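To be precise, the following lines are data21.cif, and they hold mmCIF, C-alpha atoms and all ligand atoms.
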```cif
data_start
loop_
_atom_site.label_atom_id
_atom_site.label_comp_id
_atom_site.auth_asym_id
_atom_site.auth_seq_id
_atom_site.Cartn_x
_atom_site.Cartn_y
_atom_site.Cartn_z
CA MET A 1 -14.09 56.21 -25.26
CA PRO A 2 -14.41 54.79 -28.79
CA ASP A 3 -17.06 52.06 -29.16
CA ILE A 4 -16.70 48.34 -28.47
CA ALA A 5 -18.07 46.10 -31.26
CA ASP A 6 -21.79 45.33 -31.29
CA ARG A 7 -21.04 41.62 -31.57
CA LEU A 8 -19.84 41.65 -27.96
CA LYS A 9 -22.98 43.25 -26.58
CA ASN A 10 -24.82 39.98 -26.01
CA VAL A 11 -21.80 37.97 -24.95
CA SER A 12 -21.45 37.55 -21.20
CA VAL A 13 -18.46 36.84 -18.98
CA SER A 14 -18.59 33.18 -17.94
CA ALA A 15 -20.28 32.89 -14.53
CA SER A 16 -17.96 30.09 -13.44
CA VAL A 17 -14.93 32.24 -14.28
CA ALA A 18 -16.53 35.15 -12.39
CA MET A 19 -17.24 32.93 -9.38
CA THR A 20 -13.73 31.50 -9.42
CA GLN A 21 -12.37 35.04 -9.44
CA LYS A 22 -14.62 35.85 -6.50
CA ALA A 23 -13.10 32.89 -4.62
CA ARG A 24 -9.57 34.16 -5.41
CA ASP A 25 -10.45 37.69 -4.26
CA LEU A 26 -11.89 36.42 -0.98
CA ALA A 27 -8.85 34.20 -0.39
CA ALA A 28 -6.53 37.14 -1.13
CA ALA A 29 -8.44 39.16 1.48
CA GLY A 30 -7.61 36.47 4.04
CA VAL A 31 -11.01 34.73 4.08
CA ASN A 32 -11.03 30.96 4.60
CA VAL A 33 -12.88 30.28 1.36
CA ILE A 34 -14.05 26.95 -0.06
CA ALA A 35 -14.01 27.14 -3.86
CA LEU A 36 -16.31 24.57 -5.43
CA SER A 37 -16.74 26.57 -8.61
CA THR A 38 -13.70 25.60 -10.66
CA GLY A 39 -14.09 23.19 -13.55
CA GLU A 40 -10.55 21.89 -13.57
CA PRO A 41 -8.76 18.83 -12.23
CA ASP A 42 -6.69 19.32 -9.09
CA PHE A 43 -4.13 16.65 -10.11
CA PRO A 44 -0.74 17.57 -11.55
CA THR A 45 0.05 17.28 -15.23
CA PRO A 46 1.74 13.89 -15.82
CA ARG A 47 5.49 14.27 -15.43
CA HIS A 48 6.29 12.75 -18.83
CA ALA A 49 4.28 15.53 -20.50
CA THR A 50 6.24 18.26 -18.75
CA GLU A 51 9.51 16.47 -19.55
CA ALA A 52 8.58 16.23 -23.22
CA ALA A 53 7.86 19.97 -23.32
CA TYR A 54 11.17 20.70 -21.60
CA ALA A 55 13.07 18.50 -24.03
CA ALA A 56 11.31 20.19 -26.94
CA ALA A 57 12.29 23.63 -25.66
CA LEU A 58 15.91 22.63 -25.10
CA GLY A 59 15.96 20.92 -28.48
CA GLY A 60 15.03 24.18 -30.21
CA ASP A 61 11.41 23.31 -31.06
CA THR A 62 10.48 26.94 -30.53
CA ARG A 63 9.54 28.20 -33.97
CA TYR A 64 6.13 28.75 -35.55
CA PRO A 65 4.19 25.48 -35.46
CA PRO A 66 2.29 23.97 -38.38
CA THR A 67 -1.10 25.64 -37.90
CA ASP A 68 -3.19 22.48 -37.88
CA GLY A 69 -0.83 20.65 -35.50
CA THR A 70 2.50 18.85 -35.89
CA PRO A 71 2.45 15.59 -37.86
CA ALA A 72 3.44 13.73 -34.65
CA LEU A 73 0.54 15.24 -32.71
CA ARG A 74 -2.06 14.68 -35.40
CA ALA A 75 -0.89 11.07 -35.69
CA ALA A 76 -1.17 10.67 -31.90
CA ILE A 77 -4.71 12.12 -32.02
CA ALA A 78 -5.68 9.78 -34.86
CA ARG A 79 -4.45 6.85 -32.73
CA LYS A 80 -6.40 8.15 -29.75
CA PHE A 81 -9.63 8.29 -31.76
CA GLN A 82 -8.99 4.75 -32.97
CA ARG A 83 -8.07 3.40 -29.52
CA ASP A 84 -10.80 5.07 -27.46
CA ASN A 85 -13.63 5.67 -29.92
CA ASN A 86 -13.28 3.19 -32.80
CA LEU A 87 -13.05 6.15 -35.16
CA ASP A 88 -10.73 6.01 -38.18
CA TYR A 89 -9.88 9.62 -38.91
CA ASP A 90 -7.17 10.31 -41.45
CA VAL A 91 -4.68 12.94 -40.23
CA SER A 92 -6.14 15.32 -42.81
CA GLN A 93 -9.39 15.11 -40.83
CA ILE A 94 -7.76 16.23 -37.60
CA LEU A 95 -7.22 19.74 -36.32
CA THR A 96 -5.76 21.19 -33.13
CA ALA A 97 -6.34 24.57 -31.45
CA GLY A 98 -5.86 26.34 -28.12
CA GLY A 99 -8.31 24.22 -26.15
CA ALA A 100 -11.60 22.53 -26.98
CA LYS A 101 -13.05 25.99 -26.45
CA GLN A 102 -11.13 27.35 -29.43
CA ILE A 103 -12.03 24.31 -31.52
CA ILE A 104 -15.72 25.00 -30.86
CA PHE A 105 -15.20 28.68 -31.52
CA ASN A 106 -13.50 27.94 -34.85
CA ALA A 107 -16.25 25.51 -35.85
CA MET A 108 -18.95 28.11 -35.19
CA LEU A 109 -17.01 30.89 -36.89
CA ALA A 110 -16.38 28.70 -39.91
CA THR A 111 -20.04 27.79 -40.45
CA ILE A 112 -22.52 30.22 -38.93
CA ASN A 113 -24.14 32.92 -41.01
CA PRO A 114 -26.09 35.70 -39.28
CA GLY A 115 -29.36 34.33 -37.90
CA ASP A 116 -28.39 30.66 -38.11
CA GLU A 117 -29.67 28.62 -35.19
CA VAL A 118 -27.78 26.23 -32.95
CA VAL A 119 -29.72 23.69 -30.91
CA ILE A 120 -28.25 23.25 -27.43
CA PRO A 121 -29.64 20.71 -24.94
CA THR A 122 -29.83 22.69 -21.69
CA PRO A 123 -28.58 22.92 -18.93
CA SER A 124 -25.34 23.24 -20.80
CA TRP A 125 -21.80 24.53 -20.55
CA ILE A 126 -21.89 28.30 -20.17
CA SER A 127 -19.73 29.06 -23.21
CA TYR A 128 -21.78 27.35 -25.94
CA ALA A 129 -24.48 30.01 -26.16
CA ASP A 130 -21.97 32.85 -25.95
CA ILE A 131 -19.74 31.38 -28.66
CA VAL A 132 -22.77 30.94 -30.90
CA LYS A 133 -23.84 34.55 -30.33
CA PHE A 134 -20.29 35.75 -30.94
CA ALA A 135 -20.36 34.02 -34.31
CA GLY A 136 -23.65 35.75 -35.19
CA GLY A 137 -25.90 32.76 -34.50
CA ILE A 138 -28.91 32.20 -32.27
CA PRO A 139 -28.71 29.60 -29.49
CA VAL A 140 -31.87 27.49 -29.25
CA PRO A 141 -32.07 25.70 -25.90
CA VAL A 142 -33.82 22.35 -25.61
CA ALA A 143 -34.84 21.55 -22.04
CA CYS A 144 -33.26 18.47 -20.47
CA PRO A 145 -35.55 17.72 -17.54
CA GLU A 146 -34.21 16.43 -14.25
CA GLU A 147 -36.64 13.48 -14.44
CA ASN A 148 -34.87 12.40 -17.65
CA ASN A 149 -31.48 12.64 -15.90
CA PHE A 150 -30.93 16.03 -17.53
CA LYS A 151 -30.92 14.51 -20.99
CA PRO A 152 -33.00 15.71 -23.94
CA TYR A 153 -35.91 13.74 -25.38
CA PRO A 154 -35.14 13.09 -29.07
CA GLN A 155 -38.55 14.43 -30.09
CA ASP A 156 -37.74 17.73 -28.36
CA ILE A 157 -34.51 18.00 -30.36
CA GLU A 158 -36.47 17.35 -33.54
CA ALA A 159 -39.10 19.94 -32.62
CA ALA A 160 -36.36 22.55 -32.15
CA ILE A 161 -34.89 22.03 -35.62
CA THR A 162 -35.96 24.58 -38.24
CA ALA A 163 -34.81 25.54 -41.73
CA LYS A 164 -32.28 27.83 -40.04
CA THR A 165 -30.68 25.19 -37.81
CA LYS A 166 -26.95 24.88 -38.49
CA TRP A 167 -25.74 22.77 -35.57
CA LEU A 168 -26.78 20.48 -32.77
CA LEU A 169 -24.31 20.58 -29.84
CA LEU A 170 -24.01 17.50 -27.63
CA ASN A 171 -21.88 17.16 -24.49
CA TYR A 172 -21.51 13.89 -22.57
CA PRO A 173 -20.49 13.51 -19.83
CA SER A 174 -22.20 16.83 -19.32
CA ASN A 175 -21.08 20.01 -17.71
CA PRO A 176 -22.94 20.96 -15.46
CA THR A 177 -24.95 17.78 -14.72
CA GLY A 178 -22.49 14.88 -15.14
CA SER A 179 -25.10 13.01 -17.20
CA VAL A 180 -23.86 10.45 -19.71
CA ALA A 181 -25.79 9.35 -22.82
CA THR A 182 -26.22 5.61 -23.37
CA ARG A 183 -25.61 4.00 -26.76
CA GLN A 184 -29.39 3.71 -27.23
CA GLU A 185 -29.94 7.37 -26.40
CA LEU A 186 -27.30 8.42 -28.92
CA GLN A 187 -28.85 6.08 -31.47
CA ALA A 188 -32.22 7.75 -30.96
CA ILE A 189 -30.67 11.20 -31.45
CA GLY A 190 -28.84 9.82 -34.50
CA GLU A 191 -32.16 8.69 -35.99
CA VAL A 192 -33.49 12.21 -35.63
CA MET A 193 -30.40 13.75 -37.18
CA LEU A 194 -30.48 11.40 -40.18
CA ARG A 195 -33.77 13.08 -41.06
CA HIS A 196 -32.11 16.52 -41.07
CA PRO A 197 -29.20 16.39 -43.51
CA GLY A 198 -28.60 20.15 -43.41
CA VAL A 199 -27.46 20.16 -39.79
CA TRP A 200 -23.93 19.64 -38.43
CA ILE A 201 -23.51 17.89 -35.09
CA LEU A 202 -20.76 18.71 -32.62
CA THR A 203 -20.05 16.25 -29.83
CA ASP A 204 -17.97 17.76 -27.04
CA ASP A 205 -16.34 14.71 -25.43
CA ILE A 206 -13.93 16.61 -23.18
CA TYR A 207 -15.02 14.62 -20.06
CA GLU A 208 -14.86 11.26 -21.85
CA HIS A 209 -12.45 9.66 -19.39
CA LEU A 210 -14.17 10.94 -16.25
CA ILE A 211 -16.78 8.25 -16.07
CA TYR A 212 -17.99 6.14 -13.13
CA ASP A 213 -19.85 2.99 -12.15
CA ASP A 214 -20.34 0.52 -14.99
CA VAL A 215 -21.08 3.17 -17.55
CA THR A 216 -19.44 2.96 -20.98
CA PHE A 217 -18.67 6.10 -22.93
CA TYR A 218 -19.89 6.34 -26.53
CA THR A 219 -19.61 9.15 -28.99
CA LEU A 220 -22.16 9.78 -31.73
CA ALA A 221 -19.84 9.25 -34.70
CA GLU A 222 -19.04 5.68 -33.60
CA VAL A 223 -22.66 4.86 -32.76
CA GLU A 224 -24.09 6.22 -36.02
CA PRO A 225 -21.42 6.06 -38.78
CA ARG A 226 -23.99 7.26 -41.33
CA LEU A 227 -23.55 10.68 -39.74
CA LEU A 228 -19.77 10.71 -40.08
CA ASP A 229 -19.79 13.34 -42.81
CA ARG A 230 -21.63 15.76 -40.50
CA VAL A 231 -20.20 15.06 -37.05
CA LEU A 232 -17.36 17.00 -35.49
CA THR A 233 -15.89 14.97 -32.61
CA VAL A 234 -14.25 17.36 -30.14
CA ASN A 235 -11.88 16.51 -27.33
CA GLY A 236 -8.73 17.76 -25.61
CA VAL A 237 -6.14 17.14 -22.94
CA SER A 238 -7.45 19.58 -20.30
CA LYS A 239 -9.71 17.39 -18.21
CA ALA A 240 -8.40 13.88 -18.88
CA TYR A 241 -4.72 14.65 -18.29
CA SER A 242 -5.00 17.64 -15.94
CA MET A 243 -3.55 19.96 -18.57
CA THR A 244 -5.96 22.89 -18.50
CA GLY A 245 -3.17 25.47 -18.61
CA TRP A 246 -1.43 23.96 -21.61
CA ARG A 247 -4.35 24.84 -23.91
CA LEU A 248 -4.76 22.04 -26.36
CA GLY A 249 -8.02 20.92 -27.91
CA PHE A 250 -8.50 18.77 -30.96
CA CYS A 251 -11.16 17.39 -33.23
CA GLY A 252 -11.86 14.89 -35.96
CA GLY A 253 -14.38 15.57 -38.67
CA PRO A 254 -15.26 15.77 -42.34
CA LYS A 255 -12.41 17.15 -44.46
CA ASP A 256 -14.24 20.20 -45.82
CA LEU A 257 -15.26 21.35 -42.37
CA ILE A 258 -11.75 20.77 -41.02
CA LYS A 259 -10.35 22.77 -43.94
CA ALA A 260 -12.68 25.69 -43.21
CA MET A 261 -11.83 25.59 -39.50
CA SER A 262 -8.15 25.44 -40.38
CA ASN A 263 -8.59 28.69 -42.32
CA VAL A 264 -10.01 30.29 -39.19
CA ASN A 265 -7.06 28.91 -37.21
CA THR A 266 -4.51 30.46 -39.54
CA GLN A 267 -6.01 33.89 -38.95
CA ASN A 268 -6.83 33.80 -35.25
CA SER A 269 -3.88 32.01 -33.67
CA GLY A 270 -1.34 30.51 -36.04
CA GLY A 271 -1.44 27.21 -34.17
CA VAL A 272 -0.82 25.77 -30.72
CA THR A 273 2.40 26.42 -28.79
CA THR A 274 5.08 23.95 -29.90
CA LEU A 275 5.90 22.92 -26.32
CA THR A 276 2.25 22.09 -25.61
CA GLN A 277 2.14 19.99 -28.76
CA ALA A 278 5.18 18.00 -27.61
CA ALA A 279 3.60 17.47 -24.17
CA ALA A 280 0.34 16.34 -25.77
CA VAL A 281 2.12 13.77 -27.94
CA ALA A 282 3.69 12.36 -24.77
CA VAL A 283 0.40 11.97 -22.89
CA LEU A 284 -1.62 10.69 -25.83
CA ASN A 285 1.01 8.10 -26.77
CA GLY A 286 2.10 7.33 -23.19
CA PRO A 287 0.64 5.02 -20.53
CA GLN A 288 -3.08 5.52 -20.02
CA ASP A 289 -3.39 3.91 -16.55
CA LEU A 290 -3.64 7.27 -14.83
CA LEU A 291 -7.05 7.87 -16.45
CA LYS A 292 -8.71 5.02 -14.55
CA GLU A 293 -6.77 5.75 -11.36
CA ARG A 294 -7.91 9.36 -11.32
CA ALA A 295 -11.47 8.49 -12.31
CA GLU A 296 -11.62 6.21 -9.26
CA ILE A 297 -10.60 9.11 -7.00
CA TYR A 298 -13.26 11.33 -8.56
CA ARG A 299 -15.82 8.57 -8.03
CA GLN A 300 -15.01 8.43 -4.31
CA ARG A 301 -15.41 12.20 -4.09
CA ARG A 302 -18.70 12.09 -5.99
CA ASP A 303 -20.04 9.42 -3.64
CA TYR A 304 -19.02 11.44 -0.60
CA VAL A 305 -20.57 14.72 -1.76
CA LEU A 306 -23.68 12.97 -3.02
CA GLU A 307 -24.22 11.22 0.31
CA ARG A 308 -23.65 14.40 2.30
CA LEU A 309 -25.91 16.60 0.20
CA THR A 310 -28.63 13.99 -0.19
CA SER A 311 -29.01 14.06 3.58
CA VAL A 312 -29.71 17.82 3.50
CA HIS A 313 -33.49 18.10 3.62
CA GLU A 314 -33.76 21.23 1.42
CA LEU A 315 -31.61 19.85 -1.42
CA ARG A 316 -32.28 17.25 -4.11
CA CYS A 317 -29.39 15.56 -5.93
CA HIS A 318 -29.36 13.24 -8.89
CA LYS A 319 -26.46 10.82 -9.27
CA PRO A 320 -24.06 11.96 -12.00
CA GLN A 321 -22.15 9.26 -13.84
CA GLY A 322 -19.41 11.40 -15.28
CA ALA A 323 -17.45 14.68 -15.24
CA PHE A 324 -16.84 16.19 -11.79
CA TYR A 325 -19.98 18.17 -11.11
CA LEU A 326 -23.16 17.87 -9.11
CA PHE A 327 -26.17 19.88 -10.26
CA VAL A 328 -28.24 20.26 -7.11
CA ASN A 329 -31.92 21.19 -7.01
CA ILE A 330 -32.72 23.94 -4.46
CA GLU A 331 -36.50 24.21 -4.84
CA GLY A 332 -36.69 23.51 -1.10
CA CYS A 333 -34.77 26.71 -0.34
CA ILE A 334 -36.74 29.15 -2.49
CA GLY A 335 -38.85 31.64 -0.54
CA LYS A 336 -36.85 31.12 2.67
CA THR A 337 -34.61 33.50 4.62
CA THR A 338 -31.03 32.72 5.59
CA ALA A 339 -29.59 32.92 9.12
CA GLY A 340 -27.97 36.19 8.00
CA GLY A 341 -31.36 37.62 6.94
CA ARG A 342 -31.03 37.27 3.16
CA HIS A 343 -34.15 36.33 1.24
CA ILE A 344 -33.77 33.55 -1.34
CA ASP A 345 -35.90 34.17 -4.42
CA ASN A 346 -33.76 32.30 -6.93
CA ASP A 347 -30.56 30.32 -7.37
CA ALA A 348 -28.38 33.42 -7.83
CA ASP A 349 -29.59 34.61 -4.37
CA PHE A 350 -28.77 31.18 -2.95
CA VAL A 351 -25.24 31.16 -4.37
CA MET A 352 -24.52 34.74 -3.27
CA ALA A 353 -25.81 34.13 0.25
CA LEU A 354 -23.72 30.94 0.49
CA ILE A 355 -20.64 32.96 -0.44
CA GLU A 356 -21.41 35.83 1.90
CA GLU A 357 -22.41 33.77 4.92
CA LYS A 358 -20.37 30.57 4.61
CA HIS A 359 -17.66 31.52 2.12
CA VAL A 360 -18.47 28.58 -0.12
CA VAL A 361 -18.24 29.43 -3.81
CA THR A 362 -20.47 27.55 -6.28
CA VAL A 363 -22.26 28.57 -9.50
CA GLN A 364 -25.98 29.25 -9.92
CA GLY A 365 -27.98 27.00 -12.28
CA ALA A 366 -29.24 30.05 -14.17
CA ALA A 367 -25.74 30.40 -15.65
CA TYR A 368 -26.25 27.01 -17.30
CA GLY A 369 -29.78 27.79 -18.39
CA MET A 370 -31.78 25.91 -15.73
CA SER A 371 -33.11 27.06 -12.35
CA PRO A 372 -33.35 26.63 -9.42
CA TYR A 373 -30.10 24.68 -9.12
CA PHE A 374 -26.50 25.21 -8.19
CA ARG A 375 -23.41 23.49 -9.51
CA ILE A 376 -20.67 22.09 -7.33
CA SER A 377 -17.34 20.97 -8.72
CA TYR A 378 -15.84 18.10 -6.72
CA ALA A 379 -12.46 18.36 -8.46
CA THR A 380 -10.81 19.16 -5.15
CA SER A 381 -9.50 17.37 -2.08
CA MET A 382 -11.66 15.35 0.34
CA GLU A 383 -10.74 17.77 3.17
CA ILE A 384 -12.07 20.73 1.20
CA LEU A 385 -15.16 18.77 0.16
CA GLN A 386 -15.82 17.79 3.77
CA ASP A 387 -15.54 21.38 4.95
CA GLY A 388 -17.66 22.59 2.00
CA CYS A 389 -20.42 20.05 2.69
CA ASP A 390 -20.42 20.94 6.41
CA ARG A 391 -20.87 24.59 5.56
CA ILE A 392 -23.60 23.95 2.97
CA ALA A 393 -25.47 21.74 5.48
CA GLU A 394 -25.19 24.46 8.17
CA PHE A 395 -26.34 27.09 5.70
CA CYS A 396 -29.43 25.09 4.75
CA ALA A 397 -30.16 24.23 8.40
CA GLY A 398 -30.24 27.97 9.10
CA LEU A 399 -32.96 28.65 6.48
CA LYS A 400 -36.35 29.72 7.79
N1 LIG B 1 -16.24 21.79 -23.02
C1 LIG B 1 -16.79 21.69 -21.79
C2 LIG B 1 -18.10 21.02 -21.67
C3 LIG B 1 -16.15 22.25 -20.67
O1 LIG B 1 -16.72 22.15 -19.47
C4 LIG B 1 -14.92 22.90 -20.85
C5 LIG B 1 -14.22 23.53 -19.70
O2 LIG B 1 -14.75 23.78 -18.66
C6 LIG B 1 -14.38 22.95 -22.13
C7 LIG B 1 -15.04 22.39 -23.19
C8 LIG B 1 -13.07 23.67 -22.39
O3 LIG B 1 -12.02 22.79 -22.58
P1 LIG B 1 -10.58 23.33 -22.95
O4 LIG B 1 -9.83 23.54 -21.67
O5 LIG B 1 -9.98 22.24 -23.78
O6 LIG B 1 -10.75 24.59 -23.72
#
```
So that I can check it, write out the structure of this file as structure tokens.
Amino acid sequence: MPDIADRLKNVSVSASVAMTQKARDLAAAGVNVIALSTGEPDFPTPRHATEAAYAAALGGDTRYPPTDGTPALRAAIARKFQRDNNLDYDVSQILTAGGAKQIIFNAMLATINPGDEVVIPTPSWISYADIVKFAGGIPVPVACPEENNFKPYPQDIEAAITAKTKWLLLNYPSNPTGSVATRQELQAIGEVMLRHPGVWILTDDIYEHLIYDDVTFYTLAEVEPRLLDRVLTVNGVSKAYSMTGWRLGFCGGPKDLIKAMSNVNTQNSGGVTTLTQAAAVAVLNGPQDLLKERAEIYRQRRDYVLERLTSVHELRCHKPQGAFYLFVNIEGCIGKTTAGGRHIDNDADFVMALIEEKHVVTVQGAAYGMSPYFRISYATSMEILQDGCDRIAEFCAGLK
């Protein structure tokens, strides 16, 4: 077979995608499987979004789109940034692409030269490091210890910055930990970044609206406007509006960066599907009540899973304040043997044994750069969560 490109050699298949596929395969084989691996809302797309897409299709809006996004969509995004984040982006500072993932991909491709470094507070979303490597860069993890609620210490970020650093990537609420940065914490990171004018900062705010308790969401560009000419504020409709399959991400940022990313867009996609753009205009301009209603349902699920898993002796859980994940410490399980005779040396062993013996699918912490943990997604029904927690508790009770 002819060769595959070298640039793909260090890029891995996302572990959460692999685990989700494992859950599908087991279900297809007739196994009663509990999938707690998927990072996507289980709610339907709002009806007015689907209707807008349908109307657009019937109305003949089926030709090549403007690559950066339709004027109506970019205006809706500008209003969203103003309404939710106090950010005044001109439409020329706004870009759309096929998901926040593609926005991040385009940003890295537009800026990274071979050997450039990207500082990533870790544990972190699986794709960041792989996207950076794909673009020819070097991911530089900064540990976010559990005792600091899985958030980085500003001095550790500063220590990781070198002459080669091109980006700092921030993600709050965080996947996989659900941690949320306070205004003060962002200010402290902002202070560090003001001292390093050669570094771009990307804030991935995709879980912005999934936030619980009395926590307020802030994004770096609003907290530290002096960084506006270096911050790329990334968001999308996937998680907030249950529109993962529509594939729309967007960003606001400095014009020159947006222009460079737009060049990438013209070559790698030609813009987002017209029907998706129409649907996104409808949700961004439409009623926003569903955001709070759905966040309340996620909060109830979080409380349930947290209570159940906290009562399992071998597990340690911190309380996430956003997103829909729990990042659970399994130190208490390491070195033990399962009821089915499997030895647990690390979190990958734990996750595999849980699948094999209890048919519960989760993702190992190693995939997010921190062990020994596993990630549970609670973006699923209470019945499934109940069953999943029962099985996890039984599994841990069987450890010797
Ligand atoms: N950013 C984070 C932190 C995520 O967890 C995900 C999806 O899991 C994405 C971005 C991707 O979002 P999109 O569906 O808009 O590509």
Contacts to ligand LIG 1 (chain B) at 9 Å cut-off (only C-alpha atoms and all ligand atoms) as a PyMOL selection string: chain A and resi 16+38-40+97-104+124-128+171-176+204-207+234-239+243-250+323
Could you write out the selected residues, including C-alpha atoms, as an mmCIF file, keeping the file's coordinate frame?
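Result file result.cif:
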```
data_model
loop_
_atom_site.group_PDB
_atom_site.id
_atom_site.type_symbol
_atom_site.label_atom_id
_atom_site.label_comp_id
_atom_site.auth_asym_id
_atom_site.auth_seq_id
_atom_site.Cartn_x
_atom_site.Cartn_y
_atom_site.Cartn_z
ATOM 1 C CA SER A 16 -17.960 30.090 -13.440
ATOM 2 C CA THR A 38 -13.700 25.600 -10.660
ATOM 3 C CA GLY A 39 -14.090 23.190 -13.550
ATOM 4 C CA GLU A 40 -10.550 21.890 -13.570
ATOM 5 C CA ALA A 97 -6.340 24.570 -31.450
ATOM 6 C CA GLY A 98 -5.860 26.340 -28.120
ATOM 7 C CA GLY A 99 -8.310 24.220 -26.150
ATOM 8 C CA ALA A 100 -11.600 22.530 -26.980
ATOM 9 C CA LYS A 101 -13.050 25.990 -26.450
ATOM 10 C CA GLN A 102 -11.130 27.350 -29.430
ATOM 11 C CA ILE A 103 -12.030 24.310 -31.520
ATOM 12 C CA ILE A 104 -15.720 25.000 -30.860
ATOM 13 C CA SER A 124 -25.340 23.240 -20.800
ATOM 14 C CA TRP A 125 -21.800 24.530 -20.550
ATOM 15 C CA ILE A 126 -21.890 28.300 -20.170
ATOM 16 C CA SER A 127 -19.730 29.060 -23.210
ATOM 17 C CA TYR A 128 -21.780 27.350 -25.940
ATOM 18 C CA ASN A 171 -21.880 17.160 -24.490
ATOM 19 C CA TYR A 172 -21.510 13.890 -22.570
ATOM 20 C CA PRO A 173 -20.490 13.510 -19.830
ATOM 21 C CA SER A 174 -22.200 16.830 -19.320
ATOM 22 C CA ASN A 175 -21.080 20.010 -17.710
ATOM 23 C CA PRO A 176 -22.940 20.960 -15.460
ATOM 24 C CA ASP A 204 -17.970 17.760 -27.040
ATOM 25 C CA ASP A 205 -16.340 14.710 -25.430
ATOM 26 C CA ILE A 206 -13.930 16.610 -23.180
ATOM 27 C CA TYR A 207 -15.020 14.620 -20.060
ATOM 28 C CA VAL A 234 -14.250 17.360 -30.140
ATOM 29 C CA ASN A 235 -11.880 16.510 -27.330
ATOM 30 C CA GLY A 236 -8.730 17.760 -25.610
ATOM 31 C CA VAL A 237 -6.140 17.140 -22.940
ATOM 32 C CA SER A 238 -7.450 19.580 -20.300
ATOM 33 C CA LYS A 239 -9.710 17.390 -18.210
ATOM 34 C CA MET A 243 -3.550 19.960 -18.570
ATOM 35 C CA THR A 244 -5.960 22.890 -18.500
ATOM 36 C CA GLY A 245 -3.170 25.470 -18.610
ATOM 37 C CA TRP A 246 -1.430 23.960 -21.610
ATOM 38 C CA ARG A 247 -4.350 24.840 -23.910
ATOM 39 C CA LEU A 248 -4.760 22.040 -26.360
ATOM 40 C CA GLY A 249 -8.020 20.920 -27.910
ATOM 41 C CA PHE A 250 -8.500 18.770 -30.960
ATOM 42 C CA ALA A 323 -17.450 14.680 -15.240
#
```
Neighbours of point (-34.2, 26.3, -2.6) within 8 Å, using all atoms listed in the file, written as a PyMOL selection string: chain A and resi 314-315+329-336+344+346-347+350+372-373
Expected file contents, prior selection, C-alpha atoms, as a PDB file, in the coordinates of the input:
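Output (selection.pdb):
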```
ATOM      1  CA  GLU A 314     -33.760  21.230   1.420  1.00  0.00           C
ATOM      2  CA  LEU A 315     -31.610  19.850  -1.420  1.00  0.00           C
ATOM      3  CA  ASN A 329     -31.920  21.190  -7.010  1.00  0.00           C
ATOM      4  CA  ILE A 330     -32.720  23.940  -4.460  1.00  0.00           C
ATOM      5  CA  GLU A 331     -36.500  24.210  -4.840  1.00  0.00           C
ATOM      6  CA  GLY A 332     -36.690  23.510  -1.100  1.00  0.00           C
ATOM      7  CA  CYS A 333     -34.770  26.710  -0.340  1.00  0.00           C
ATOM      8  CA  ILE A 334     -36.740  29.150  -2.490  1.00  0.00           C
ATOM      9  CA  GLY A 335     -38.850  31.640  -0.540  1.00  0.00           C
ATOM     10  CA  LYS A 336     -36.850  31.120   2.670  1.00  0.00           C
ATOM     11  CA  ILE A 344     -33.770  33.550  -1.340  1.00  0.00           C
ATOM     12  CA  ASN A 346     -33.760  32.300  -6.930  1.00  0.00           C
ATOM     13  CA  ASP A 347     -30.560  30.320  -7.370  1.00  0.00           C
ATOM     14  CA  PHE A 350     -28.770  31.180  -2.950  1.00  0.00           C
ATOM     15  CA  PRO A 372     -33.350  26.630  -9.420  1.00  0.00           C
ATOM     16  CA  TYR A 373     -30.100  24.680  -9.120  1.00  0.00           C
TER      17      TYR A 373
END
```
Distance criterion (all atoms listed in the file): nearest to Ala76 in chain A out of A:Thr219, A:Thr380, A:Gln277, A:Thr45: A:Gln277
Option closest in space to Glu394 in chain A, from A:Val215, A:Ala29, A:Met370, A:Val360 [counting all atoms listed in the file]: A:Val360
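Residue nearest Leu168 in chain A within the list A:Asp116, A:Asp390, A:Asp3, A:Glu222: A:Asp116 [criterion: smallest interatomic distance, all atoms listed in the file].
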Within 9 Å of Asp68 in chain A, counting all atoms listed in the file, which residues show up once you throw out same-chain ones fewer than 4 positions away? Write them as a JSON list (two decimals) with C-alpha atoms, keeping the file's coordinate frame, please.
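This went into part.json:
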```json
[["chain", "number", "residue", "atom", "x", "y", "z"],
["A", 74, "ARG", "CA", -2.06, 14.68, -35.40],
["A", 94, "ILE", "CA", -7.76, 16.23, -37.60],
["A", 95, "LEU", "CA", -7.22, 19.74, -36.32],
["A", 96, "THR", "CA", -5.76, 21.19, -33.13],
["A", 97, "ALA", "CA", -6.34, 24.57, -31.45],
["A", 262, "SER", "CA", -8.15, 25.44, -40.38],
["A", 265, "ASN", "CA", -7.06, 28.91, -37.21],
["A", 266, "THR", "CA", -4.51, 30.46, -39.54],
["A", 270, "GLY", "CA", -1.34, 30.51, -36.04],
["A", 271, "GLY", "CA", -1.44, 27.21, -34.17],
["A", 272, "VAL", "CA", -0.82, 25.77, -30.72]]
```
Which residue of A:Leu36, A:Ile201, A:Ala23, A:Leu399 approaches Ser377 in chain A most closely, using all atoms listed in the file: A:Leu36
Using all atoms listed in the file, which residues sit within 8 Å of Gly178 in chain A once same-chain residues fewer than 5 positions away are excluded, as a compact mmCIF listing (two decimals) with C-alpha atoms, in the frame of the given file?
```txt
# COMPACT_ATOMS: atom_id res chain seq x y z
CA TYR A 172 -21.51 13.89 -22.57
CA PRO A 173 -20.49 13.51 -19.83
CA PRO A 320 -24.06 11.96 -12.00
CA GLN A 321 -22.15 9.26 -13.84
CA GLY A 322 -19.41 11.40 -15.28
CA ALA A 323 -17.45 14.68 -15.24
CA PHE A 324 -16.84 16.19 -11.79
CA TYR A 325 -19.98 18.17 -11.11
CA LEU A 326 -23.16 17.87 -9.11
CA PHE A 327 -26.17 19.88 -10.26
```
